$ cat input-v1.csv   # CSV, C-alpha atoms
chain,number,residue,atom,x,y,z
C,325,MET,CA,22.9,-9.2,3.8
C,326,ALA,CA,26.3,-10.2,2.3
C,327,VAL,CA,28.9,-7.4,2.0
C,328,LEU,CA,28.3,-5.3,-1.1
C,329,ASN,CA,30.7,-3.2,-3.2
C,330,ILE,CA,28.7,0.0,-3.8
C,331,LEU,CA,29.7,2.9,-6.0
C,332,HIS,CA,27.7,6.1,-5.8
C,333,VAL,CA,27.9,8.6,-8.6
C,334,LEU,CA,26.7,12.2,-8.4
C,335,ARG,CA,27.5,15.5,-10.1
C,336,ALA,CA,27.3,18.6,-7.9
C,337,PRO,CA,28.1,18.0,-4.2
C,338,VAL,CA,25.6,20.6,-3.0
C,339,GLY,CA,22.0,20.7,-1.6
C,340,GLY,CA,19.7,17.9,-0.6
C,341,LEU,CA,21.0,15.4,-3.1
C,342,PHE,CA,24.5,15.7,-1.7
C,343,ARG,CA,23.2,15.3,1.9
C,344,HIS,CA,21.3,12.2,0.8
C,345,VAL,CA,24.3,10.5,-0.8
C,346,MET,CA,26.6,11.4,2.2
C,347,ASP,CA,24.1,10.0,4.7
C,348,LEU,CA,23.5,6.9,2.7
C,349,ALA,CA,27.2,6.2,2.0
C,350,ARG,CA,28.1,6.7,5.7
C,351,ALA,CA,25.3,4.4,6.9
C,352,GLN,CA,26.1,1.7,4.3
C,353,ALA,CA,29.8,1.8,5.3
C,354,GLU,CA,28.9,1.6,9.0
C,355,ARG,CA,26.9,-1.5,8.2
C,356,GLY,CA,30.0,-3.2,6.8
C,357,HIS,CA,29.5,-2.5,3.1
C,358,ARG,CA,32.5,-1.4,0.9
C,359,VAL,CA,31.5,2.0,-0.5
C,360,GLY,CA,33.0,4.5,-2.9
C,361,LEU,CA,32.0,7.9,-4.4
C,362,ILE,CA,32.5,9.7,-7.7
C,363,ALA,CA,31.6,13.4,-7.8
C,364,ASP,CA,32.2,16.6,-9.8
C,365,SER,CA,35.5,18.4,-9.1
C,366,THR,CA,34.4,21.9,-10.1
C,367,THR,CA,31.5,22.5,-7.7
C,368,GLY,CA,30.8,22.3,-4.0
C,369,GLY,CA,33.7,24.5,-2.8
C,370,GLU,CA,35.3,24.2,0.6
C,371,ARG,CA,32.2,22.9,2.3
C,372,ALA,CA,32.0,19.9,0.0
C,373,ALA,CA,35.7,19.3,0.2
C,374,ALA,CA,35.6,19.3,4.1
C,375,ALA,CA,32.6,16.9,4.0
C,376,PHE,CA,34.4,14.5,1.7
C,377,THR,CA,37.6,14.6,3.8
C,378,ALA,CA,35.6,13.7,6.9
C,379,LEU,CA,33.8,10.8,5.2
C,380,ALA,CA,36.7,9.3,3.2
C,381,PRO,CA,38.3,7.2,6.1
C,382,LEU,CA,35.0,5.2,6.2
C,383,LEU,CA,34.9,4.4,2.5
C,384,ALA,CA,36.8,1.2,1.4
C,385,HIS,CA,36.6,2.4,-2.3
C,386,GLY,CA,37.5,6.0,-1.6
C,387,ILE,CA,36.3,9.2,-3.2
C,388,THR,CA,37.4,10.4,-6.7
C,389,ARG,CA,36.4,13.7,-8.3
C,390,VAL,CA,36.5,14.6,-12.0
C,391,PRO,CA,35.1,17.5,-14.0
C,392,MET,CA,31.4,17.0,-14.8
C,393,SER,CA,29.4,19.6,-16.8
C,394,ARG,CA,25.9,20.6,-15.9
C,395,SER,CA,24.7,20.5,-19.5
C,396,VAL,CA,25.0,17.6,-21.9
C,397,GLY,CA,28.2,17.8,-24.0
C,398,PRO,CA,31.0,15.9,-25.7
C,399,ALA,CA,33.1,16.0,-22.5
C,400,ASP,CA,30.6,13.7,-20.8
C,401,TRP,CA,32.5,10.6,-22.1
C,402,LYS,CA,35.3,11.3,-19.6
C,403,PRO,CA,33.2,10.8,-16.4
C,404,VAL,CA,31.5,7.8,-18.1
C,405,LEU,CA,34.9,6.1,-18.7
C,406,HIS,CA,36.1,7.1,-15.2
C,407,THR,CA,33.0,5.5,-13.7
C,408,MET,CA,33.6,2.3,-15.8
C,409,ARG,CA,37.2,2.1,-14.5
C,410,ARG,CA,36.2,2.7,-10.9
C,411,ALA,CA,33.4,0.1,-11.1
C,412,SER,CA,35.8,-2.5,-12.6
C,413,ALA,CA,38.5,-1.8,-9.9
C,414,ALA,CA,35.9,-2.0,-7.1
C,415,ARG,CA,34.3,-5.1,-8.6
C,416,ALA,CA,31.1,-3.2,-8.0
C,417,ASP,CA,27.9,-5.0,-7.2
C,418,VAL,CA,25.9,-1.8,-7.2
C,419,LEU,CA,26.4,1.3,-9.4
C,420,HIS,CA,24.0,3.9,-7.9
C,421,GLY,CA,23.6,7.2,-9.8
C,422,HIS,CA,22.0,10.2,-8.2
C,423,GLY,CA,20.4,13.1,-10.2
C,424,ALA,CA,20.2,13.3,-14.0
C,425,LYS,CA,24.0,13.4,-14.6
C,426,GLY,CA,25.0,10.9,-12.0
C,427,GLY,CA,22.2,8.6,-13.1
C,428,ALA,CA,23.4,8.8,-16.7
C,429,TYR,CA,27.0,8.1,-15.9
C,430,ALA,CA,26.2,5.1,-13.7
C,431,ARG,CA,23.9,3.6,-16.4
C,432,LEU,CA,26.0,4.4,-19.4
C,433,ALA,CA,29.3,3.1,-18.1
C,434,PRO,CA,30.2,0.0,-20.1
C,435,GLY,CA,31.5,-3.2,-18.8
C,436,ASN,CA,31.0,-4.9,-15.4
C,437,ARG,CA,27.8,-6.8,-16.4
C,438,ARG,CA,27.4,-8.2,-12.9
C,439,ALA,CA,26.7,-4.8,-11.4
C,440,ILE,CA,23.1,-3.6,-11.0
C,441,ARG,CA,22.4,-0.1,-12.2
C,442,VAL,CA,20.4,2.0,-9.8
C,443,TYR,CA,19.0,5.5,-10.3
C,444,THR,CA,17.5,8.0,-7.9
C,445,PRO,CA,16.3,11.1,-9.8
C,446,HIS,CA,16.1,13.6,-6.8
C,447,GLY,CA,13.9,15.8,-9.1
C,448,GLY,CA,16.4,16.2,-11.8
C,449,SER,CA,15.1,15.6,-15.3
C,450,LEU,CA,11.6,15.1,-13.9
C,451,LEU,CA,11.3,18.8,-13.3
C,452,PHE,CA,11.5,19.4,-17.0
C,453,SER,CA,8.4,19.5,-19.3
C,454,ASN,CA,7.8,17.9,-22.7
C,455,GLU,CA,6.7,21.4,-23.8
C,456,THR,CA,10.2,22.7,-24.3
C,457,LEU,CA,13.0,21.5,-26.6
C,458,GLY,CA,15.4,21.0,-23.7
C,459,GLY,CA,12.8,19.2,-21.7
C,460,ARG,CA,12.1,16.8,-24.6
C,461,ILE,CA,15.8,16.0,-24.9
C,462,TYR,CA,16.2,15.3,-21.2
C,463,LEU,CA,13.1,13.2,-21.0
C,464,ALA,CA,14.0,11.3,-24.1
C,465,THR,CA,17.4,10.5,-22.6
C,466,GLU,CA,15.6,9.3,-19.5
C,467,ARG,CA,13.5,7.0,-21.6
C,468,PHE,CA,16.6,5.6,-23.3
C,469,LEU,CA,18.3,5.0,-20.0
C,470,LEU,CA,15.4,3.0,-18.6
C,471,ARG,CA,16.7,0.1,-20.7
C,472,ARG,CA,20.0,0.2,-18.8
C,473,SER,CA,18.3,0.3,-15.3
C,474,ASP,CA,17.8,-2.5,-12.8
C,475,LEU,CA,16.2,-0.5,-10.0
C,476,LEU,CA,14.6,3.0,-9.8
C,477,LEU,CA,14.6,4.4,-6.3
C,478,PHE,CA,12.2,7.4,-5.9
C,479,GLU,CA,12.5,9.6,-2.9
C,480,SER,CA,8.7,10.4,-3.1
C,481,GLN,CA,5.6,8.9,-4.6
C,482,TYR,CA,5.3,12.2,-6.4
C,483,SER,CA,8.5,11.6,-8.3
C,484,ALA,CA,7.5,8.0,-9.1
C,485,ASP,CA,4.2,9.3,-10.5
C,486,MET,CA,6.0,12.1,-12.5
C,487,SER,CA,8.4,9.5,-14.0
C,488,GLN,CA,5.5,7.3,-15.0
C,489,THR,CA,3.7,10.3,-16.7
C,490,LYS,CA,6.7,11.9,-18.3
C,491,VAL,CA,9.1,9.0,-19.0
C,492,GLY,CA,7.0,5.9,-19.1
C,493,THR,CA,6.6,2.6,-17.4
C,494,PRO,CA,10.0,1.3,-16.4
C,495,PRO,CA,10.9,-2.3,-17.4
C,496,CYS,CA,12.8,-2.7,-14.0
C,497,LEU,CA,12.1,-2.8,-10.3
C,498,THR,CA,10.9,0.4,-8.7
C,499,ARG,CA,10.7,1.4,-5.0
C,500,VAL,CA,9.7,4.6,-3.2
C,501,VAL,CA,12.0,5.2,-0.3
C,502,HIS,CA,11.6,8.5,1.5
C,503,ASN,CA,14.5,10.6,2.6
C,504,GLY,CA,15.2,10.5,6.4
C,505,VAL,CA,16.9,12.6,9.1
C,506,SER,CA,19.0,11.4,12.1
C,507,ARG,CA,18.0,11.3,15.7
C,508,ALA,CA,20.5,14.1,16.6
C,509,GLU,CA,18.5,16.5,14.3
C,510,PHE,CA,15.4,16.2,16.6
C,511,GLU,CA,17.2,18.4,19.2
C,512,PRO,CA,15.0,21.6,19.2
C,513,ILE,CA,16.6,24.8,17.9
C,514,VAL,CA,16.0,28.0,19.7
C,515,PRO,CA,16.2,31.3,17.7
C,516,ALA,CA,19.3,33.3,18.1
C,517,PRO,CA,19.0,36.6,20.1
C,518,ASP,CA,19.4,38.5,16.8
C,519,ALA,CA,17.2,36.2,14.8
C,520,THR,CA,15.1,37.8,12.0
C,521,ASP,CA,11.3,37.2,11.8
C,522,ILE,CA,11.7,34.9,8.7
C,523,VAL,CA,14.4,32.6,7.5
C,524,PHE,CA,14.7,30.8,4.1
C,525,ILE,CA,17.2,28.0,3.5
C,526,GLY,CA,17.9,26.7,0.0
C,527,GLU,CA,19.4,27.3,-3.4
C,528,LEU,CA,18.9,30.9,-4.6
C,529,ARG,CA,17.0,30.2,-7.8
C,530,GLU,CA,13.6,31.1,-9.2
C,531,LEU,CA,12.4,27.5,-8.9
C,532,LYS,CA,12.6,27.9,-5.1
C,533,GLY,CA,10.2,30.8,-5.0
C,534,VAL,CA,12.6,33.3,-3.3
C,535,ASP,CA,11.2,36.1,-5.5
C,536,LEU,CA,7.7,35.3,-4.1
C,537,LEU,CA,8.9,35.5,-0.6
C,538,ILE,CA,10.5,38.9,-1.2
C,539,ASP,CA,7.3,40.2,-2.8
C,540,ALA,CA,5.3,38.9,0.2
C,541,ILE,CA,7.6,40.7,2.7
C,542,ALA,CA,7.4,43.9,0.7
C,543,SER,CA,3.6,43.7,0.7
C,544,LEU,CA,3.4,43.1,4.5
C,545,ARG,CA,5.8,46.0,5.2
C,546,ARG,CA,3.7,48.3,3.1
C,547,LYS,CA,0.8,47.4,5.4
C,548,GLY,CA,2.8,48.4,8.5
C,549,ARG,CA,4.4,45.1,9.5
C,550,PRO,CA,8.1,45.7,10.2
C,551,LEU,CA,9.3,42.2,9.1
C,552,THR,CA,12.9,41.2,8.7
C,553,ALA,CA,14.3,38.1,6.9
C,554,THR,CA,17.5,36.1,6.4
C,555,LEU,CA,17.7,34.2,3.1
C,556,VAL,CA,20.4,31.5,3.5
C,557,GLY,CA,22.0,29.9,0.5
C,558,ALA,CA,23.8,30.4,-2.8
C,559,GLY,CA,22.7,30.0,-6.4
C,560,PRO,CA,22.5,31.4,-9.9
C,561,ASP,CA,19.8,34.0,-9.1
C,562,ARG,CA,21.3,35.5,-6.0
C,563,ASP,CA,22.2,38.8,-7.6
C,564,ALA,CA,18.7,39.1,-9.1
C,565,PHE,CA,17.2,38.6,-5.6
C,566,VAL,CA,19.5,41.1,-4.0
C,567,ALA,CA,18.5,43.6,-6.7
C,568,GLN,CA,14.8,42.8,-6.2
C,569,ALA,CA,15.2,43.4,-2.4
C,570,ALA,CA,17.0,46.7,-3.1
C,571,GLU,CA,14.4,47.9,-5.6
C,572,ALA,CA,11.7,47.2,-3.0
C,573,GLY,CA,13.6,49.2,-0.4
C,574,LEU,CA,14.4,46.1,1.7
C,575,SER,CA,18.2,46.0,1.6
C,576,ASP,CA,18.4,46.9,5.3
C,577,VAL,CA,15.9,44.2,6.4
C,578,ILE,CA,16.7,41.2,4.2
C,579,LYS,CA,20.1,39.5,4.8
C,580,PHE,CA,21.9,37.3,2.3
C,581,PRO,CA,24.6,35.6,4.4
C,582,GLY,CA,25.5,32.8,1.9
C,583,ALA,CA,25.3,29.0,2.4
C,584,MET,CA,25.7,27.3,5.7
C,585,ASN,CA,24.8,24.3,7.7
C,586,ALA,CA,21.0,23.9,8.0
C,587,ARG,CA,20.8,23.7,11.8
C,588,GLN,CA,23.0,26.8,12.1
C,589,ALA,CA,20.8,28.6,9.6
C,590,LEU,CA,17.5,27.6,11.3
C,591,ALA,CA,18.5,29.6,14.4
C,592,LEU,CA,18.6,32.8,12.3
C,593,GLY,CA,14.9,33.2,12.0
C,594,ARG,CA,11.7,32.6,14.1
C,595,LEU,CA,9.6,31.4,11.2
C,596,MET,CA,10.9,29.2,8.3
C,597,VAL,CA,9.3,29.8,4.9
C,598,VAL,CA,9.8,27.3,2.0
C,599,PRO,CA,8.0,29.0,-1.0
C,600,SER,CA,9.0,26.5,-3.7
C,601,ARG,CA,7.4,26.3,-7.1
C,602,ALA,CA,8.6,22.7,-7.4
C,603,GLU,CA,10.3,20.1,-5.2
C,604,SER,CA,10.8,16.4,-4.8
C,605,LEU,CA,11.0,15.5,-1.1
C,606,PRO,CA,13.0,18.4,0.3
C,607,TYR,CA,15.4,17.7,3.2
C,608,VAL,CA,14.9,21.3,4.4
C,609,VAL,CA,11.3,20.5,5.3
C,610,LEU,CA,12.3,17.4,7.2
C,611,GLU,CA,15.2,19.3,9.0
C,612,THR,CA,12.9,22.1,10.0
C,613,ALA,CA,10.2,19.8,11.3
C,614,ALA,CA,12.7,17.8,13.2
C,615,ALA,CA,14.1,20.9,14.9
C,616,ARG,CA,10.6,22.1,15.9
C,617,VAL,CA,11.0,25.3,14.0
C,618,PRO,CA,7.6,26.8,12.9
C,619,LEU,CA,7.2,26.2,9.1
C,620,LEU,CA,5.2,27.5,6.2
C,621,THR,CA,5.6,25.8,2.8
C,622,THR,CA,3.8,25.1,-0.4
C,623,ARG,CA,1.9,22.2,-1.8
C,624,VAL,CA,4.4,20.9,-4.3
C,625,GLY,CA,6.2,17.7,-5.1
C,626,GLY,CA,6.4,15.2,-2.2
C,627,ILE,CA,5.8,17.8,0.6
C,628,PRO,CA,2.2,16.5,1.1
C,629,GLU,CA,3.7,13.1,1.8
C,630,ILE,CA,5.7,14.6,4.6
C,631,TYR,CA,2.7,16.5,6.0
C,632,GLY,CA,0.1,13.7,5.6
C,633,PRO,CA,-3.1,14.6,7.5
C,634,LEU,CA,-1.6,18.1,8.1
C,635,SER,CA,-1.6,18.9,4.4
C,636,ASP,CA,-4.5,21.3,4.6
C,637,ALA,CA,-2.0,23.9,6.0
C,638,LEU,CA,0.1,23.8,2.8
C,639,LEU,CA,0.1,26.9,0.6
C,640,PRO,CA,-0.7,27.1,-3.1
C,641,PRO,CA,2.5,27.5,-5.2
C,642,ASP,CA,3.5,30.6,-7.2
C,643,ASN,CA,1.3,32.9,-5.0
C,644,ALA,CA,2.9,35.7,-3.1
C,645,ASP,CA,-0.4,36.9,-1.7
C,646,ALA,CA,-1.0,33.5,-0.1
C,647,ILE,CA,2.5,33.5,1.4
C,648,ALA,CA,1.9,37.0,2.8
C,649,ASP,CA,-1.4,36.0,4.3
C,650,ALA,CA,0.1,32.9,5.9
C,651,ILE,CA,3.0,34.9,7.4
C,652,ALA,CA,0.6,37.5,8.9
C,653,THR,CA,-1.6,34.7,10.4
C,654,ALA,CA,1.4,33.0,11.9
C,655,PHE,CA,2.5,36.1,13.8
C,656,ASP,CA,-1.0,37.3,14.7
C,657,GLY,CA,-2.3,34.0,16.0
C,658,PRO,CA,0.6,31.6,16.5
C,659,ASP,CA,-1.3,28.9,18.5
C,660,ALA,CA,-2.4,26.8,15.5
C,661,LEU,CA,1.1,27.0,14.0
C,662,ILE,CA,2.6,25.9,17.3
C,663,GLU,CA,0.3,22.9,17.5
C,664,ARG,CA,1.0,22.0,13.8
C,665,THR,CA,4.8,22.3,14.5
C,666,ARG,CA,4.5,19.7,17.3
C,667,ALA,CA,2.3,17.3,15.3
C,668,LEU,CA,4.7,17.6,12.2
C,669,ASN,CA,7.7,16.9,14.5
C,670,GLU,CA,6.0,13.7,15.8
C,671,ARG,CA,5.1,12.5,12.3
C,672,VAL,CA,8.6,13.1,10.9
C,673,SER,CA,10.1,11.3,13.9
C,674,ARG,CA,7.9,8.2,13.2
C,675,LEU,CA,8.2,8.0,9.4
C,676,PHE,CA,11.3,9.7,8.1
C,677,SER,CA,14.4,8.3,9.7
C,678,VAL,CA,17.8,7.7,8.2
C,679,ASP,CA,17.7,4.1,9.4
C,680,ALA,CA,14.4,3.5,7.5
C,681,MET,CA,15.8,5.1,4.4
C,682,VAL,CA,18.9,3.0,4.4
C,683,ASP,CA,16.9,-0.2,5.1
C,684,GLY,CA,14.6,0.5,2.2
C,685,ILE,CA,17.5,1.2,-0.2
C,686,LEU,CA,19.4,-1.9,0.8
C,687,ASP,CA,16.2,-4.0,0.4
C,688,GLY,CA,15.8,-2.6,-3.1
C,689,TYR,CA,19.4,-3.5,-3.9
C,690,ARG,CA,18.9,-7.1,-2.7
C,691,ALA,CA,15.7,-7.5,-4.8
C,692,ALA,CA,17.5,-6.2,-7.9
C,693,LEU,CA,20.6,-8.4,-7.3
C,694,ASP,CA,18.4,-11.5,-6.9
C,695,MET,CA,16.7,-10.7,-10.2
C,696,ALA,CA,20.0,-10.2,-11.9
C,697,GLN,CA,21.2,-13.6,-10.5
C,698,ALA,CA,18.0,-15.3,-11.7
C,699,GLU,CA,18.8,-13.9,-15.2
C,700,GLY,CA,22.3,-15.4,-15.1
C,701,ARG,CA,24.1,-12.1,-14.9
C,702,ARG,CA,25.8,-12.9,-11.6

$ encode --input "input-v1.csv" --output "structure tokens"
Amino acid sequence: MAVLNILHVLRAPVGGLFRHVMDLARAQAERGHRVGLIADSTTGGERAAAAFTALAPLLAHGITRVPMSRSVGPADWKPVLHTMRRASAARADVLHGHGAKGGAYARLAPGNRRAIRVYTPHGGSLLFSNETLGGRIYLATERFLLRRSDLLLFESQYSADMSQTKVGTPPCLTRVVHNGVSRAEFEPIVPAPDATDIVFIGELRELKGVDLLIDAIASLRRKGRPLTATLVGAGPDRDAFVAQAAEAGLSDVIKFPGAMNARQALALGRLMVVPSRAESLPYVVLETAAARVPLLTTRVGGIPEIYGPLSDALLPPDNADAIADAIATAFDGPDALIERTRALNERVSRLFSVDAMVDGILDGYRAALDMAQAEGRR
């Protein structure tokens, strides 16, 4: 493939979306492409700043950060114009937006007709429903932006199906390219000497089901099981979850250490629980499986695509009792979980690599660029 000028646009440099963009940008640069990033300047904190600093020397088009609001507002024109100027300066072949805001900025930026506009939702607007006013606004915006899209890259078949149902049939190319993890992440993780029974890693918000996990732990402790837990992450509902744990008398047995690296966090518990109410294709499930840490998670989003023939073990969402029962079974009879951990590790190793992810995305770019050339745009 010829060397491409690629500009990635994202809003908040946190979570799985941020990891995806960083892995992708690094790998594309290492393959000889000229890459740049645009991200929000008001979120991410020191961890994001350090990650950007480490990546910047590899990126021919550098990293710029400008304020980007989470909600739609009049200030959105500023990052749109910034994206336009950066795309022009870089002579971008590819403008790749990630998440609802990044996807909007990349596709709305005027000028540079030769660049293809690529969008990866990462859940984003697809998690909204047409049953609410806010959801209808976001999904109507997605429908409008389809007209300015050359390629939609979905990280799961689930997301592709949701887009078809909620947004409509796209007039452009579409591909499903699963997220992937690196070979280094398959080094097994051993629990720390002071590890708690359970660990959760993710954004501390209701959508992730943290309240359900706290309820499940409270229920099991009432039945005489002295469980402990570490809930790793930050988010808008952290204070509510701390208060919920205190009200249940669990302040001494549930820790909230804040956000940290996933592999560091995985060593803090013996059993990983992902109780999400909704997901796309969560990196934390791939990371846990790669590290051979025992895992319980729900049947939501693209998680069944990760589990494949092992999907019978997935839990129903929004069900604290099911979570409690699964935790009890895991500690009472661990043999089945140990075997499932081994099988899931092998499946992720075969099917969910960073190299396969990057190959699939670059193949998608090439197909969209060829189509743009055939249309006389390049």

$ closest_atom_pairs --input "input-v1.csv" --of "stretch 581-617 of chain C" --to "stretch 439-458 of chain C" --cutoff "10 Å" --atoms "all atoms listed in the file" --output "CSV"
residue,atom,partner,partner_atom,distance
C:Ala602,CA,C:Leu451,CA,7.6
C:Glu603,CA,C:Gly447,CA,6.8
C:Ser604,CA,C:Gly447,CA,5.3
C:Leu605,CA,C:His446,CA,7.9
C:Pro606,CA,C:His446,CA,9.1

$ residues_around --input "input-v1.csv" --residues "C:Gln697" --least-positions-apart "3" --cutoff "12 Å" --atoms "all atoms listed in the file" --output "list in words"
Asp417, Arg437, Arg438, Ala439, Ile440, Asp474, Arg690, Ala691, Ala692, Leu693, Asp694, Gly700, Arg701 and Arg702 of chain C

$ residues_around --input "input-v1.csv" --residues "stretch 649-660 of chain C" --least-positions-apart "3" --cutoff "9 Å" --atoms "all atoms listed in the file" --output "PyMOL selection string"
chain C and resi 522+540-541+544+549+595+597+618+620+639+644-646+663-665

$ write_last_selection --input "input-v1.csv" --atoms "C-alpha atoms" --output "PDB file, in the coordinates of the input"
ATOM      1  CA  ILE C 522      11.700  34.900   8.700  1.00  0.00           C
ATOM      2  CA  ALA C 540       5.300  38.900   0.200  1.00  0.00           C
ATOM      3  CA  ILE C 541       7.600  40.700   2.700  1.00  0.00           C
ATOM      4  CA  LEU C 544       3.400  43.100   4.500  1.00  0.00           C
ATOM      5  CA  ARG C 549       4.400  45.100   9.500  1.00  0.00           C
ATOM      6  CA  LEU C 595       9.600  31.400  11.200  1.00  0.00           C
ATOM      7  CA  VAL C 597       9.300  29.800   4.900  1.00  0.00           C
ATOM      8  CA  PRO C 618       7.600  26.800  12.900  1.00  0.00           C
ATOM      9  CA  LEU C 620       5.200  27.500   6.200  1.00  0.00           C
ATOM     10  CA  LEU C 639       0.100  26.900   0.600  1.00  0.00           C
ATOM     11  CA  ALA C 644       2.900  35.700  -3.100  1.00  0.00           C
ATOM     12  CA  ASP C 645      -0.400  36.900  -1.700  1.00  0.00           C
ATOM     13  CA  ALA C 646      -1.000  33.500  -0.100  1.00  0.00           C
ATOM     14  CA  GLU C 663       0.300  22.900  17.500  1.00  0.00           C
ATOM     15  CA  ARG C 664       1.000  22.000  13.800  1.00  0.00           C
ATOM     16  CA  THR C 665       4.800  22.300  14.500  1.00  0.00           C
TER      17      THR C 665
END

$ closest_residue --input "input-v1.csv" --among "C:His502, C:Arg594, C:Arg587, C:Arg601" --to "C:Leu531" --atoms "all atoms listed in the file"
C:Arg601

$ closest_residue --input "input-v1.csv" --among "C:Pro512, C:Gly504, C:Pro641, C:Pro599" --to "C:Ala351" --atoms "all atoms listed in the file"
C:Gly504

$ closest_residue --input "input-v1.csv" --among "C:Arg355, C:Arg562, C:Arg410, C:Arg415" --to "C:Gly526" --atoms "all atoms listed in the file"
C:Arg562

$ atom_distance --input "input-v1.csv" --atom1 "atom CA of C:Asp683" --atom2 "atom CA of C:Glu509"
19.1 Å

$ closest_residue --input "input-v1.csv" --among "C:Arg431, C:Arg389, C:Arg409, C:Lys425" --to "C:Tyr462" --atoms "only C-alpha atoms"
C:Lys425

$ closest_residue --input "input-v1.csv" --among "C:Leu528, C:Pro628, C:Ser473, C:Ser600" --to "C:Pro581" --atoms "all atoms listed in the file"
C:Leu528

$ atom_distance --input "input-v1.csv" --atom1 "atom CA of C:Tyr482" --atom2 "atom CA of C:Ile627"
9.0 Å

$ atom_distance --input "input-v1.csv" --atom1 "atom CA of C:Gly369" --atom2 "atom CA of C:Asn585"
13.8 Å

$ residues_around --input "input-v1.csv" --residues "C:Val390" --least-positions-apart "2" --cutoff "8 Å" --atoms "only C-alpha atoms" --output "PDB file with C-alpha atoms, in the coordinates of the input"
ATOM      1  CA  ILE C 362      32.500   9.700  -7.700  1.00  0.00           C
ATOM      2  CA  ALA C 363      31.600  13.400  -7.800  1.00  0.00           C
ATOM      3  CA  ASP C 364      32.200  16.600  -9.800  1.00  0.00           C
ATOM      4  CA  SER C 365      35.500  18.400  -9.100  1.00  0.00           C
ATOM      5  CA  THR C 366      34.400  21.900 -10.100  1.00  0.00           C
ATOM      6  CA  THR C 388      37.400  10.400  -6.700  1.00  0.00           C
ATOM      7  CA  MET C 392      31.400  17.000 -14.800  1.00  0.00           C
ATOM      8  CA  PRO C 403      33.200  10.800 -16.400  1.00  0.00           C
TER       9      PRO C 403
END

$ closest_residue --input "input-v1.csv" --among "C:Ala519, C:Val404, C:Ala384, C:Val491" --to "C:Arg350" --atoms "only C-alpha atoms"
C:Ala384

$ residues_around --input "input-v1.csv" --residues "C:Ile330" --least-positions-apart "5" --cutoff "8 Å" --atoms "only C-alpha atoms" --output "short mmCIF file (atom, residue, chain, number, x, y, z; two decimals) with C-alpha atoms, keeping the file's coordinate frame"
data_model
loop_
_atom_site.label_atom_id
_atom_site.label_comp_id
_atom_site.auth_asym_id
_atom_site.auth_seq_id
_atom_site.Cartn_x
_atom_site.Cartn_y
_atom_site.Cartn_z
CA HIS C 357 29.50 -2.50 3.10
CA ARG C 358 32.50 -1.40 0.90
CA VAL C 359 31.50 2.00 -0.50
CA GLY C 360 33.00 4.50 -2.90
CA ALA C 416 31.10 -3.20 -8.00
CA ASP C 417 27.90 -5.00 -7.20
CA VAL C 418 25.90 -1.80 -7.20
CA LEU C 419 26.40 1.30 -9.40
CA HIS C 420 24.00 3.90 -7.90
#

$ closest_atom_pairs --input "input-v1.csv" --of "stretch 599-637 of chain C" --to "stretch 667-677 of chain C" --cutoff "10 Å" --atoms "only C-alpha atoms" --output "Markdown table"
| residue | atom | partner | partner_atom | distance |
| --- | --- | --- | --- | --- |
| C:Val609 | CA | C:Val672 | CA | 9.7 |
| C:Leu610 | CA | C:Val672 | CA | 6.8 |
| C:Glu611 | CA | C:Val672 | CA | 9.3 |
| C:Thr612 | CA | C:Asn669 | CA | 8.6 |
| C:Ala613 | CA | C:Asn669 | CA | 5.0 |
| C:Ala614 | CA | C:Asn669 | CA | 5.2 |
| C:Ala615 | CA | C:Asn669 | CA | 7.6 |
| C:Arg616 | CA | C:Asn669 | CA | 6.1 |
| C:Val617 | CA | C:Asn669 | CA | 9.0 |
| C:Pro618 | CA | C:Leu668 | CA | 9.7 |
| C:Leu619 | CA | C:Leu668 | CA | 9.5 |
| C:Ile630 | CA | C:Val672 | CA | 7.1 |
| C:Tyr631 | CA | C:Leu668 | CA | 6.6 |
| C:Gly632 | CA | C:Arg671 | CA | 8.4 |
| C:Pro633 | CA | C:Leu668 | CA | 9.6 |
| C:Leu634 | CA | C:Leu668 | CA | 7.5 |

$ write_last_selection --input "input-v1.csv" --atoms "C-alpha atoms" --output "tab-separated table (two decimals), in the frame of the given file"
chain	number	residue	atom	x	y	z
C	609	VAL	CA	11.30	20.50	5.30
C	610	LEU	CA	12.30	17.40	7.20
C	611	GLU	CA	15.20	19.30	9.00
C	612	THR	CA	12.90	22.10	10.00
C	613	ALA	CA	10.20	19.80	11.30
C	614	ALA	CA	12.70	17.80	13.20
C	615	ALA	CA	14.10	20.90	14.90
C	616	ARG	CA	10.60	22.10	15.90
C	617	VAL	CA	11.00	25.30	14.00
C	618	PRO	CA	7.60	26.80	12.90
C	619	LEU	CA	7.20	26.20	9.10
C	630	ILE	CA	5.70	14.60	4.60
C	631	TYR	CA	2.70	16.50	6.00
C	632	GLY	CA	0.10	13.70	5.60
C	633	PRO	CA	-3.10	14.60	7.50
C	634	LEU	CA	-1.60	18.10	8.10
